[in-house]
Protein chains: 2
Amino acid sequence: MAKRITTQEKILNAAEALFAEQGFEQTSLRQITTEAAVNLASVNYHFGSKKALIQAVMARYLEIFMPALRTQLEGLGAKGSFTTRDVFDRFRTPLSELRQVRKHGPTLFLSLLGFAYAEIQGHLRRYTMEHFGDVMALLLDTLHQANPKLSPVDMFWRLHFVLGATVFAQVSGPALREIAAADFGEAVAADQVIDRLIPFLAGGVDATTAE
Amino acid sequence: MAKRITTQEKILNAAEALFAEQGFEQTSLRQITTEAAVNLASVNYHFGSKKALIQAVMARYLEIFMPALRTQLEGLGAKGSFTTRDVFDRFRTPLSELRQVRKHGPTLFLSLLGFAYAEIQGHLRRYTMEHFGDVMALLLDTLHQANPKLSPVDMFWRLHFVLGATVFAQVSGPALREIAAADFGEAVAADQVIDRLIPFLAGGVDATTAE
DNA sequence: TATAAATTAAAACGCATGTTTAAAATGGAT
DNA sequence: ATCCATTTTAAACATGCGTTTTAATTTATA
């Protein structure tokens, strides 16, 4: 017997798919509840507001991703020395674990993260920093260990460039993969974008600073 | 005597400032017309629709930027050999020329470009490709000359990572510069972000591909 | 089975948006 | 100075949104 899917889960599942596809603002509660085949009012009943729903969608992923990333980074830190590339490679496992949540969890998560930053969801930034600020600090510290030449302020900026490239790659992902397939006859799976991305990011972070 | 400012220009000026600050979707025509001190209906009268206004705002910059970039790239192509870094450095002049349009033209333009991609303004993408597709092709070609090792499809993806990092840096620019100033006591002018960005981008594009 | 609590359902509310309409004002050409 | 096209204005329109309300229904408890 299939396990019972609650209304809340139906909403979360429909919401995250639409959010990842269209962004938060552009997705209406009516779209979500239609897709989930539940009543419009149930979103406010179960979650309180649209904003709270967005947070719930993100939390489901962050609660898996962040502890996993922390474990990975701590494991790397135990080693004597490592490269920037090593640090970014440590993102692979935490991302893969998101498949527990949903089949396309990794892609969904990164897309959501993308929209969270692209649209200015200040409350999400606050939520992340409040609950997982320590992991973010650990990431910054680990990257600095990998590349001690870079000053903290340089690392700060580059880490945000990294975030930008990542986010953009996901948000524009579907469109870009389509163009790539048409122009190069080379279909690229969503998950493989990350394989193209990681070398780029490591190269960027390791670049020599401006003279 | 100050030169007369037409209603259309008043609208364009108010619109671009608000767009760059808040994005396209989040900026209402009522905000724009209030700021510009013109009647609400004048937007639709002069431009036809909000979508057309967005296009007009972008066109004002693209029509200066794109030909300038083309000139720069052609100048570089005449040289025997050049690096990826050289290519990105050629963006500086075209960006600076945007100051003709407005004092903070370069920053405004990049922010607008950012929102154009972050929000899914498909019509802007189409417009750019339609009117300046040749320049984009030239850019891709020039980058390939600078780094022949990279396959076209690799270059395609990396160029879009570049765009993502750039766009994100501008959209989140104000917030990031604030944090940077607070955490590192180091104020960074908006124009200087591009100086931090260029080495990062060149490093990313030149990175060795995944094994 | 009777009762209370939790959930679902349908409808309406209040608000903000882009757009349209139709009248008033403006400005240049004859 | 008059006429006509252009522009500005104020008002309303249609639509979609998140949210709230109130009643019906289901579910669990005693």
# chains A, B, ... in the order shown; residues from 1 in each chain; ligands from 1
$ select_by_dssp --residues "segment 8-186 of chain A" --states "alpha helix (DSSP H)" --output "ChimeraX atom specification"
/A:8-22,29-36,41-47,50-78,84-89,92-97,105-118,122-146,152-171,173-184
$ residues_around --residues "DA12 of chain D" --least-positions-apart "5" --cutoff "12 Å" --atoms "only C-alpha atoms (C1' of nucleotides)" --output "short mmCIF file (atom, residue, chain, number, x, y, z; two decimals) with N, CA and C atoms (P, O5', C5', C4', C3', O3' and C1' of nucleotides), in the first residue's frame"
data_model
loop_
_atom_site.label_atom_id
_atom_site.label_comp_id
_atom_site.auth_asym_id
_atom_site.auth_seq_id
_atom_site.Cartn_x
_atom_site.Cartn_y
_atom_site.Cartn_z
P DT C 19 0.80 47.11 -19.91
"O5'" DT C 19 -0.70 47.59 -20.13
"C5'" DT C 19 -1.74 46.61 -20.15
"C4'" DT C 19 -3.09 47.28 -20.32
"C3'" DT C 19 -3.16 48.29 -21.48
"O3'" DT C 19 -4.04 47.77 -22.47
"C1'" DT C 19 -4.22 49.11 -19.50
P DT C 20 -4.27 48.55 -23.85
"O5'" DT C 20 -5.60 49.39 -23.55
"C5'" DT C 20 -6.75 48.70 -23.06
"C4'" DT C 20 -7.84 49.71 -22.74
"C3'" DT C 20 -8.14 50.72 -23.85
"O3'" DT C 20 -9.50 50.57 -24.22
"C1'" DT C 20 -7.91 51.80 -21.74
P DT C 21 -10.09 51.41 -25.50
"O5'" DT C 21 -10.87 52.61 -24.81
"C5'" DT C 21 -11.71 52.34 -23.68
"C4'" DT C 21 -12.17 53.65 -23.06
"C3'" DT C 21 -12.53 54.76 -24.07
"O3'" DT C 21 -13.84 55.19 -23.80
"C1'" DT C 21 -11.08 55.58 -22.38
P DA C 22 -14.73 55.85 -25.00
"O5'" DA C 22 -14.90 57.35 -24.48
"C5'" DA C 22 -15.08 57.58 -23.08
"C4'" DA C 22 -14.61 58.97 -22.74
"C3'" DA C 22 -14.84 60.01 -23.85
"O3'" DA C 22 -15.26 61.22 -23.26
"C1'" DA C 22 -12.60 60.05 -23.19
#
$ interface_residues --of "chain A" --to "chain B" --cutoff "8 Å" --atoms "only C-alpha atoms" --output "PyMOL selection string"
chain A and resi 115+118-119+153-154+156-158+160-169+171-172+180+184+195-197+199-210
$ write_last_selection --atoms "C-alpha atoms" --output "compact mmCIF listing (two decimals), in the first residue's frame"
# COMPACT_ATOMS: atom_id res chain seq x y z
CA PHE A 115 15.63 32.43 -7.03
CA ALA A 118 17.77 36.63 -7.55
CA GLU A 119 14.51 37.83 -6.16
CA VAL A 153 38.00 40.58 1.68
CA ASP A 154 39.10 39.09 -1.63
CA PHE A 156 34.46 37.35 0.45
CA TRP A 157 33.96 38.81 -2.98
CA ARG A 158 35.01 35.73 -4.85
CA HIS A 160 29.87 35.68 -3.88
CA PHE A 161 30.95 35.55 -7.49
CA VAL A 162 30.88 31.79 -7.03
CA LEU A 163 27.40 31.96 -5.67
CA GLY A 164 26.35 34.14 -8.58
CA ALA A 165 27.67 31.82 -11.23
CA THR A 166 26.09 28.84 -9.50
CA VAL A 167 22.75 30.46 -9.03
CA PHE A 168 22.64 31.77 -12.54
CA ALA A 169 23.60 28.45 -14.00
CA VAL A 171 18.07 29.52 -12.92
CA SER A 172 18.95 29.77 -16.59
CA ALA A 180 23.33 24.03 -25.97
CA PHE A 184 26.02 21.72 -30.26
CA ASP A 195 30.45 19.09 -13.30
CA ARG A 196 31.09 21.93 -15.72
CA LEU A 197 30.68 24.48 -12.99
CA PRO A 199 36.31 23.63 -12.40
CA PHE A 200 35.22 27.08 -13.41
CA LEU A 201 34.59 28.12 -9.83
CA ALA A 202 37.86 26.72 -8.56
CA GLY A 203 39.73 28.46 -11.36
CA GLY A 204 38.06 31.74 -10.53
CA VAL A 205 38.79 31.58 -6.84
CA ASP A 206 42.39 30.60 -7.46
CA ALA A 207 43.03 33.34 -10.00
CA THR A 208 45.87 35.72 -9.31
CA THR A 209 44.56 38.99 -7.92
CA ALA A 210 44.61 42.13 -10.02
$ closest_atom_pairs --of "chain D" --to "chain A" --cutoff "9 Å" --atoms "only C-alpha atoms (C1' of nucleotides)" --output "tab-separated table"
residue	atom	partner	partner_atom	distance
D:DC17	C1'	A:Ser28	CA	7.5
D:DG18	C1'	A:Lys50	CA	7.6
D:DT19	C1'	A:Asn44	CA	7.7
$ interface_residues --of "chain C" --to "chain A" --cutoff "10 Å" --atoms "only C-alpha atoms (C1' of nucleotides)" --output "PyMOL selection string"
chain C and resi 7-10
$ write_last_selection --atoms "C-alpha atoms (C1' of nucleotides)" --output "PDB file, in the first residue's frame"
ATOM      1  C1'  DT C   7      -9.410  19.785   8.165  1.00  0.00           C
ATOM      2  C1'  DT C   8     -11.458  20.954   3.704  1.00  0.00           C
ATOM      3  C1'  DA C   9     -14.387  23.781   0.855  1.00  0.00           C
ATOM      4  C1'  DA C  10     -16.532  27.760  -1.466  1.00  0.00           C
TER       5       DA C  10
END
$ residues_around --residues "DA5 of chain C" --least-positions-apart "3" --cutoff "12 Å" --atoms "only C-alpha atoms (C1' of nucleotides)" --output "PyMOL selection string"
chain D and resi 26-29
$ residues_around --residues "segment 129-139 of chain B" --least-positions-apart "5" --cutoff "8 Å" --atoms "only C-alpha atoms (C1' of nucleotides)" --output "ChimeraX atom specification"
/B:66-67,69-70,73
$ write_last_selection --atoms "N, CA, C and O atoms" --output "short mmCIF file (atom, residue, chain, number, x, y, z; two decimals), in the first residue's frame"
data_model
loop_
_atom_site.label_atom_id
_atom_site.label_comp_id
_atom_site.auth_asym_id
_atom_site.auth_seq_id
_atom_site.Cartn_x
_atom_site.Cartn_y
_atom_site.Cartn_z
N MET B 66 27.07 47.85 -27.27
CA MET B 66 27.38 46.76 -28.21
C MET B 66 28.33 47.17 -29.33
O MET B 66 29.31 46.47 -29.59
N PRO B 67 28.07 48.29 -30.00
CA PRO B 67 29.03 48.71 -31.03
C PRO B 67 30.42 48.98 -30.46
O PRO B 67 31.43 48.66 -31.08
N LEU B 69 31.74 47.54 -27.88
CA LEU B 69 32.37 46.24 -27.60
C LEU B 69 32.88 45.61 -28.89
O LEU B 69 33.99 45.06 -28.93
N ARG B 70 32.07 45.73 -29.90
CA ARG B 70 32.47 45.19 -31.21
C ARG B 70 33.80 45.81 -31.67
O ARG B 70 34.71 45.10 -32.11
N LEU B 73 36.67 44.41 -29.60
CA LEU B 73 37.01 43.02 -29.90
C LEU B 73 37.70 42.91 -31.25
O LEU B 73 38.64 42.13 -31.42
#
$ closest_residue --among "A:His104, A:Arg85, A:Arg90, A:His144" --to "Thr71 of chain A" --atoms "only C-alpha atoms"
A:Arg90
$ atom_distance --atom1 "atom CA of Ala116 of chain A" --atom2 "atom CA of Phe19 of chain A"
9.8 Å
$ residues_around --residues "segment 27-30 of chain C" --least-positions-apart "3" --cutoff "10 Å" --atoms "only C-alpha atoms (C1' of nucleotides)" --output "JSON, numbers by chain"
{"D": [2, 3, 4, 5, 6, 7]}
$ decode --residues "segment 1-26 of chain D" --atoms "N, CA and C atoms (P, O5', C5', C4', C3', O3' and C1' of nucleotides)" --output "PDB file, in the first residue's frame"
ATOM      1  P    DA D   1      -4.535  87.507 -31.897  1.00  0.00           P
ATOM      2  O5'  DA D   1      -5.636  86.583 -32.546  1.00  0.00           O
ATOM      3  C5'  DA D   1      -6.691  87.144 -33.318  1.00  0.00           C
ATOM      4  C4'  DA D   1      -7.321  86.028 -34.097  1.00  0.00           C
ATOM      5  C3'  DA D   1      -8.015  84.969 -33.236  1.00  0.00           C
ATOM      6  O3'  DA D   1      -9.167  84.508 -33.945  1.00  0.00           O
ATOM      7  C1'  DA D   1      -6.199  83.961 -34.404  1.00  0.00           C
ATOM      8  P    DT D   2     -10.148  83.564 -33.413  1.00  0.00           P
ATOM      9  O5'  DT D   2      -9.757  82.328 -34.331  1.00  0.00           O
ATOM     10  C5'  DT D   2      -9.803  82.481 -35.755  1.00  0.00           C
ATOM     11  C4'  DT D   2      -9.479  81.145 -36.414  1.00  0.00           C
ATOM     12  C3'  DT D   2     -10.188  79.941 -35.820  1.00  0.00           C
ATOM     13  O3'  DT D   2     -10.596  79.091 -36.881  1.00  0.00           O
ATOM     14  C1'  DT D   2      -7.845  79.596 -35.729  1.00  0.00           C
ATOM     15  P    DC D   3     -11.663  78.015 -36.700  1.00  0.00           P
ATOM     16  O5'  DC D   3     -10.851  76.713 -37.117  1.00  0.00           O
ATOM     17  C5'  DC D   3     -10.060  76.729 -38.307  1.00  0.00           C
ATOM     18  C4'  DC D   3      -8.978  75.666 -38.216  1.00  0.00           C
ATOM     19  C3'  DC D   3      -9.463  74.303 -37.727  1.00  0.00           C
ATOM     20  O3'  DC D   3      -9.113  73.327 -38.702  1.00  0.00           O
ATOM     21  C1'  DC D   3      -7.513  74.990 -36.548  1.00  0.00           C
ATOM     22  P    DC D   4      -9.850  71.953 -38.733  1.00  0.00           P
ATOM     23  O5'  DC D   4      -8.602  71.011 -38.398  1.00  0.00           O
ATOM     24  C5'  DC D   4      -7.354  71.213 -39.065  1.00  0.00           C
ATOM     25  C4'  DC D   4      -6.255  70.503 -38.297  1.00  0.00           C
ATOM     26  C3'  DC D   4      -6.664  69.136 -37.736  1.00  0.00           C
ATOM     27  O3'  DC D   4      -5.625  68.213 -37.995  1.00  0.00           O
ATOM     28  C1'  DC D   4      -5.783  70.473 -36.011  1.00  0.00           C
ATOM     29  P    DA D   5      -5.900  66.679 -37.945  1.00  0.00           P
ATOM     30  O5'  DA D   5      -4.551  66.142 -37.276  1.00  0.00           O
ATOM     31  C5'  DA D   5      -3.294  66.603 -37.758  1.00  0.00           C
ATOM     32  C4'  DA D   5      -2.299  66.668 -36.619  1.00  0.00           C
ATOM     33  C3'  DA D   5      -2.110  65.351 -35.854  1.00  0.00           C
ATOM     34  O3'  DA D   5      -0.725  65.114 -35.685  1.00  0.00           O
ATOM     35  C1'  DA D   5      -2.716  67.064 -34.334  1.00  0.00           C
ATOM     36  P    DT D   6      -0.183  63.768 -35.110  1.00  0.00           P
ATOM     37  O5'  DT D   6       0.341  64.199 -33.666  1.00  0.00           O
ATOM     38  C5'  DT D   6       1.136  65.378 -33.548  1.00  0.00           C
ATOM     39  C4'  DT D   6       1.210  65.805 -32.100  1.00  0.00           C
ATOM     40  C3'  DT D   6       1.528  64.671 -31.115  1.00  0.00           C
ATOM     41  O3'  DT D   6       2.755  64.987 -30.479  1.00  0.00           O
ATOM     42  C1'  DT D   6      -0.217  66.041 -30.304  1.00  0.00           C
ATOM     43  P    DT D   7       3.496  63.955 -29.531  1.00  0.00           P
ATOM     44  O5'  DT D   7       2.886  64.320 -28.093  1.00  0.00           O
ATOM     45  C5'  DT D   7       3.081  65.626 -27.575  1.00  0.00           C
ATOM     46  C4'  DT D   7       2.140  65.874 -26.428  1.00  0.00           C
ATOM     47  C3'  DT D   7       2.320  64.950 -25.209  1.00  0.00           C
ATOM     48  O3'  DT D   7       2.893  65.720 -24.170  1.00  0.00           O
ATOM     49  C1'  DT D   7       0.038  65.451 -25.657  1.00  0.00           C
ATOM     50  P    DT D   8       3.355  64.967 -22.801  1.00  0.00           P
ATOM     51  O5'  DT D   8       2.080  65.234 -21.869  1.00  0.00           O
ATOM     52  C5'  DT D   8       1.742  66.578 -21.532  1.00  0.00           C
ATOM     53  C4'  DT D   8       0.395  66.603 -20.843  1.00  0.00           C
ATOM     54  C3'  DT D   8       0.321  65.813 -19.522  1.00  0.00           C
ATOM     55  O3'  DT D   8       0.061  66.738 -18.470  1.00  0.00           O
ATOM     56  C1'  DT D   8      -1.594  65.422 -20.896  1.00  0.00           C
ATOM     57  P    DT D   9       0.165  66.226 -16.952  1.00  0.00           P
ATOM     58  O5'  DT D   9      -1.340  65.818 -16.653  1.00  0.00           O
ATOM     59  C5'  DT D   9      -2.369  66.806 -16.776  1.00  0.00           C
ATOM     60  C4'  DT D   9      -3.740  66.162 -16.709  1.00  0.00           C
ATOM     61  C3'  DT D   9      -3.961  65.251 -15.497  1.00  0.00           C
ATOM     62  O3'  DT D   9      -4.704  65.974 -14.535  1.00  0.00           O
ATOM     63  C1'  DT D   9      -4.957  64.410 -17.531  1.00  0.00           C
ATOM     64  P    DA D  10      -4.731  65.490 -13.025  1.00  0.00           P
ATOM     65  O5'  DA D  10      -6.091  64.661 -13.018  1.00  0.00           O
ATOM     66  C5'  DA D  10      -7.267  65.284 -13.514  1.00  0.00           C
ATOM     67  C4'  DA D  10      -8.362  64.259 -13.707  1.00  0.00           C
ATOM     68  C3'  DA D  10      -8.586  63.324 -12.509  1.00  0.00           C
ATOM     69  O3'  DA D  10      -9.972  63.323 -12.213  1.00  0.00           O
ATOM     70  C1'  DA D  10      -8.318  62.061 -14.490  1.00  0.00           C
ATOM     71  P    DA D  11     -10.522  62.594 -10.868  1.00  0.00           P
ATOM     72  O5'  DA D  11     -11.244  61.314 -11.507  1.00  0.00           O
ATOM     73  C5'  DA D  11     -12.069  61.479 -12.652  1.00  0.00           C
ATOM     74  C4'  DA D  11     -12.301  60.137 -13.306  1.00  0.00           C
ATOM     75  C3'  DA D  11     -12.632  59.010 -12.331  1.00  0.00           C
ATOM     76  O3'  DA D  11     -13.979  58.614 -12.522  1.00  0.00           O
ATOM     77  C1'  DA D  11     -11.088  58.310 -14.033  1.00  0.00           C
ATOM     78  P    DA D  12     -14.685  57.518 -11.619  1.00  0.00           P
ATOM     79  O5'  DA D  12     -14.570  56.216 -12.522  1.00  0.00           O
ATOM     80  C5'  DA D  12     -14.943  56.301 -13.893  1.00  0.00           C
ATOM     81  C4'  DA D  12     -14.382  55.104 -14.639  1.00  0.00           C
ATOM     82  C3'  DA D  12     -14.760  53.757 -14.027  1.00  0.00           C
ATOM     83  O3'  DA D  12     -15.461  53.003 -14.994  1.00  0.00           O
ATOM     84  C1'  DA D  12     -12.447  53.851 -14.591  1.00  0.00           C
ATOM     85  P    DC D  13     -16.166  51.660 -14.695  1.00  0.00           P
ATOM     86  O5'  DC D  13     -15.189  50.621 -15.404  1.00  0.00           O
ATOM     87  C5'  DC D  13     -14.697  50.909 -16.709  1.00  0.00           C
ATOM     88  C4'  DC D  13     -13.674  49.845 -17.082  1.00  0.00           C
ATOM     89  C3'  DC D  13     -14.021  48.478 -16.520  1.00  0.00           C
ATOM     90  O3'  DC D  13     -14.155  47.555 -17.589  1.00  0.00           O
ATOM     91  C1'  DC D  13     -11.744  49.049 -16.065  1.00  0.00           C
ATOM     92  P    DA D  14     -15.023  46.236 -17.342  1.00  0.00           P
ATOM     93  O5'  DA D  14     -13.856  45.159 -17.358  1.00  0.00           O
ATOM     94  C5'  DA D  14     -12.859  45.253 -18.363  1.00  0.00           C
ATOM     95  C4'  DA D  14     -11.662  44.434 -17.954  1.00  0.00           C
ATOM     96  C3'  DA D  14     -12.018  43.076 -17.328  1.00  0.00           C
ATOM     97  O3'  DA D  14     -11.279  42.081 -17.980  1.00  0.00           O
ATOM     98  C1'  DA D  14     -10.556  44.286 -15.896  1.00  0.00           C
ATOM     99  P    DT D  15     -11.491  40.568 -17.570  1.00  0.00           P
ATOM    100  O5'  DT D  15     -10.201  40.285 -16.691  1.00  0.00           O
ATOM    101  C5'  DT D  15      -8.930  40.770 -17.140  1.00  0.00           C
ATOM    102  C4'  DT D  15      -7.907  40.579 -16.048  1.00  0.00           C
ATOM    103  C3'  DT D  15      -8.040  39.258 -15.286  1.00  0.00           C
ATOM    104  O3'  DT D  15      -6.825  38.550 -15.409  1.00  0.00           O
ATOM    105  C1'  DT D  15      -7.701  41.069 -13.806  1.00  0.00           C
ATOM    106  P    DG D  16      -6.764  36.972 -15.159  1.00  0.00           P
ATOM    107  O5'  DG D  16      -5.739  36.852 -13.939  1.00  0.00           O
ATOM    108  C5'  DG D  16      -4.505  37.536 -13.975  1.00  0.00           C
ATOM    109  C4'  DG D  16      -4.049  37.783 -12.558  1.00  0.00           C
ATOM    110  C3'  DG D  16      -4.186  36.553 -11.653  1.00  0.00           C
ATOM    111  O3'  DG D  16      -2.881  36.135 -11.234  1.00  0.00           O
ATOM    112  C1'  DG D  16      -5.034  38.543 -10.601  1.00  0.00           C
ATOM    113  P    DC D  17      -2.661  34.899 -10.296  1.00  0.00           P
ATOM    114  O5'  DC D  17      -2.428  35.572  -8.873  1.00  0.00           O
ATOM    115  C5'  DC D  17      -1.370  36.524  -8.748  1.00  0.00           C
ATOM    116  C4'  DC D  17      -1.532  37.305  -7.473  1.00  0.00           C
ATOM    117  C3'  DC D  17      -1.747  36.426  -6.248  1.00  0.00           C
ATOM    118  O3'  DC D  17      -0.480  36.018  -5.751  1.00  0.00           O
ATOM    119  C1'  DC D  17      -3.169  38.370  -6.231  1.00  0.00           C
ATOM    120  P    DG D  18      -0.382  34.802  -4.787  1.00  0.00           P
ATOM    121  O5'  DG D  18      -0.744  35.463  -3.376  1.00  0.00           O
ATOM    122  C5'  DG D  18       0.121  36.446  -2.835  1.00  0.00           C
ATOM    123  C4'  DG D  18      -0.456  36.973  -1.546  1.00  0.00           C
ATOM    124  C3'  DG D  18      -0.606  35.931  -0.435  1.00  0.00           C
ATOM    125  O3'  DG D  18      -0.265  36.522   0.813  1.00  0.00           O
ATOM    126  C1'  DG D  18      -2.736  36.833  -0.983  1.00  0.00           C
ATOM    127  P    DT D  19      -0.337  35.649   2.157  1.00  0.00           P
ATOM    128  O5'  DT D  19      -1.820  35.973   2.655  1.00  0.00           O
ATOM    129  C5'  DT D  19      -2.228  37.328   2.800  1.00  0.00           C
ATOM    130  C4'  DT D  19      -3.689  37.400   3.183  1.00  0.00           C
ATOM    131  C3'  DT D  19      -4.097  36.513   4.364  1.00  0.00           C
ATOM    132  O3'  DT D  19      -4.430  37.348   5.472  1.00  0.00           O
ATOM    133  C1'  DT D  19      -5.703  36.462   2.590  1.00  0.00           C
ATOM    134  P    DT D  20      -4.831  36.697   6.857  1.00  0.00           P
ATOM    135  O5'  DT D  20      -6.424  36.689   6.776  1.00  0.00           O
ATOM    136  C5'  DT D  20      -7.101  37.866   6.361  1.00  0.00           C
ATOM    137  C4'  DT D  20      -8.600  37.617   6.340  1.00  0.00           C
ATOM    138  C3'  DT D  20      -9.132  36.833   7.550  1.00  0.00           C
ATOM    139  O3'  DT D  20     -10.148  37.609   8.164  1.00  0.00           O
ATOM    140  C1'  DT D  20      -9.917  35.884   5.501  1.00  0.00           C
ATOM    141  P    DT D  21     -10.864  37.092   9.533  1.00  0.00           P
ATOM    142  O5'  DT D  21     -12.227  36.497   8.990  1.00  0.00           O
ATOM    143  C5'  DT D  21     -12.947  37.210   7.978  1.00  0.00           C
ATOM    144  C4'  DT D  21     -14.116  36.388   7.469  1.00  0.00           C
ATOM    145  C3'  DT D  21     -14.831  35.555   8.543  1.00  0.00           C
ATOM    146  O3'  DT D  21     -16.218  35.829   8.487  1.00  0.00           O
ATOM    147  C1'  DT D  21     -14.306  34.220   6.652  1.00  0.00           C
ATOM    148  P    DT D  22     -17.133  35.632   9.814  1.00  0.00           P
ATOM    149  O5'  DT D  22     -18.070  34.427   9.365  1.00  0.00           O
ATOM    150  C5'  DT D  22     -18.650  34.447   8.058  1.00  0.00           C
ATOM    151  C4'  DT D  22     -18.978  33.047   7.604  1.00  0.00           C
ATOM    152  C3'  DT D  22     -19.512  32.118   8.707  1.00  0.00           C
ATOM    153  O3'  DT D  22     -20.739  31.551   8.252  1.00  0.00           O
ATOM    154  C1'  DT D  22     -17.846  31.044   7.468  1.00  0.00           C
ATOM    155  P    DA D  23     -21.669  30.742   9.271  1.00  0.00           P
ATOM    156  O5'  DA D  23     -21.922  29.406   8.452  1.00  0.00           O
ATOM    157  C5'  DA D  23     -22.131  29.478   7.045  1.00  0.00           C
ATOM    158  C4'  DA D  23     -21.654  28.199   6.392  1.00  0.00           C
ATOM    159  C3'  DA D  23     -22.208  26.919   7.026  1.00  0.00           C
ATOM    160  O3'  DA D  23     -22.745  26.084   6.016  1.00  0.00           O
ATOM    161  C1'  DA D  23     -19.864  26.775   6.828  1.00  0.00           C
ATOM    162  P    DA D  24     -23.585  24.805   6.426  1.00  0.00           P
ATOM    163  O5'  DA D  24     -22.691  23.613   5.876  1.00  0.00           O
ATOM    164  C5'  DA D  24     -22.408  23.552   4.483  1.00  0.00           C
ATOM    165  C4'  DA D  24     -21.268  22.581   4.248  1.00  0.00           C
ATOM    166  C3'  DA D  24     -21.561  21.140   4.662  1.00  0.00           C
ATOM    167  O3'  DA D  24     -21.244  20.280   3.586  1.00  0.00           O
ATOM    168  C1'  DA D  24     -19.532  21.870   5.635  1.00  0.00           C
ATOM    169  P    DT D  25     -21.717  18.751   3.640  1.00  0.00           P
ATOM    170  O5'  DT D  25     -20.387  17.997   4.032  1.00  0.00           O
ATOM    171  C5'  DT D  25     -19.178  18.283   3.314  1.00  0.00           C
ATOM    172  C4'  DT D  25     -17.999  17.803   4.131  1.00  0.00           C
ATOM    173  C3'  DT D  25     -18.093  16.355   4.609  1.00  0.00           C
ATOM    174  O3'  DT D  25     -17.159  15.601   3.876  1.00  0.00           O
ATOM    175  C1'  DT D  25     -17.132  17.803   6.237  1.00  0.00           C
ATOM    176  P    DT D  26     -17.303  13.967   3.837  1.00  0.00           P
ATOM    177  O5'  DT D  26     -16.018  13.560   4.693  1.00  0.00           O
ATOM    178  C5'  DT D  26     -14.750  14.079   4.333  1.00  0.00           C
ATOM    179  C4'  DT D  26     -13.871  14.165   5.564  1.00  0.00           C
ATOM    180  C3'  DT D  26     -13.523  12.826   6.209  1.00  0.00           C
ATOM    181  O3'  DT D  26     -12.161  12.565   6.013  1.00  0.00           O
ATOM    182  C1'  DT D  26     -13.987  14.517   7.825  1.00  0.00           C
TER     183       DT D  26
END
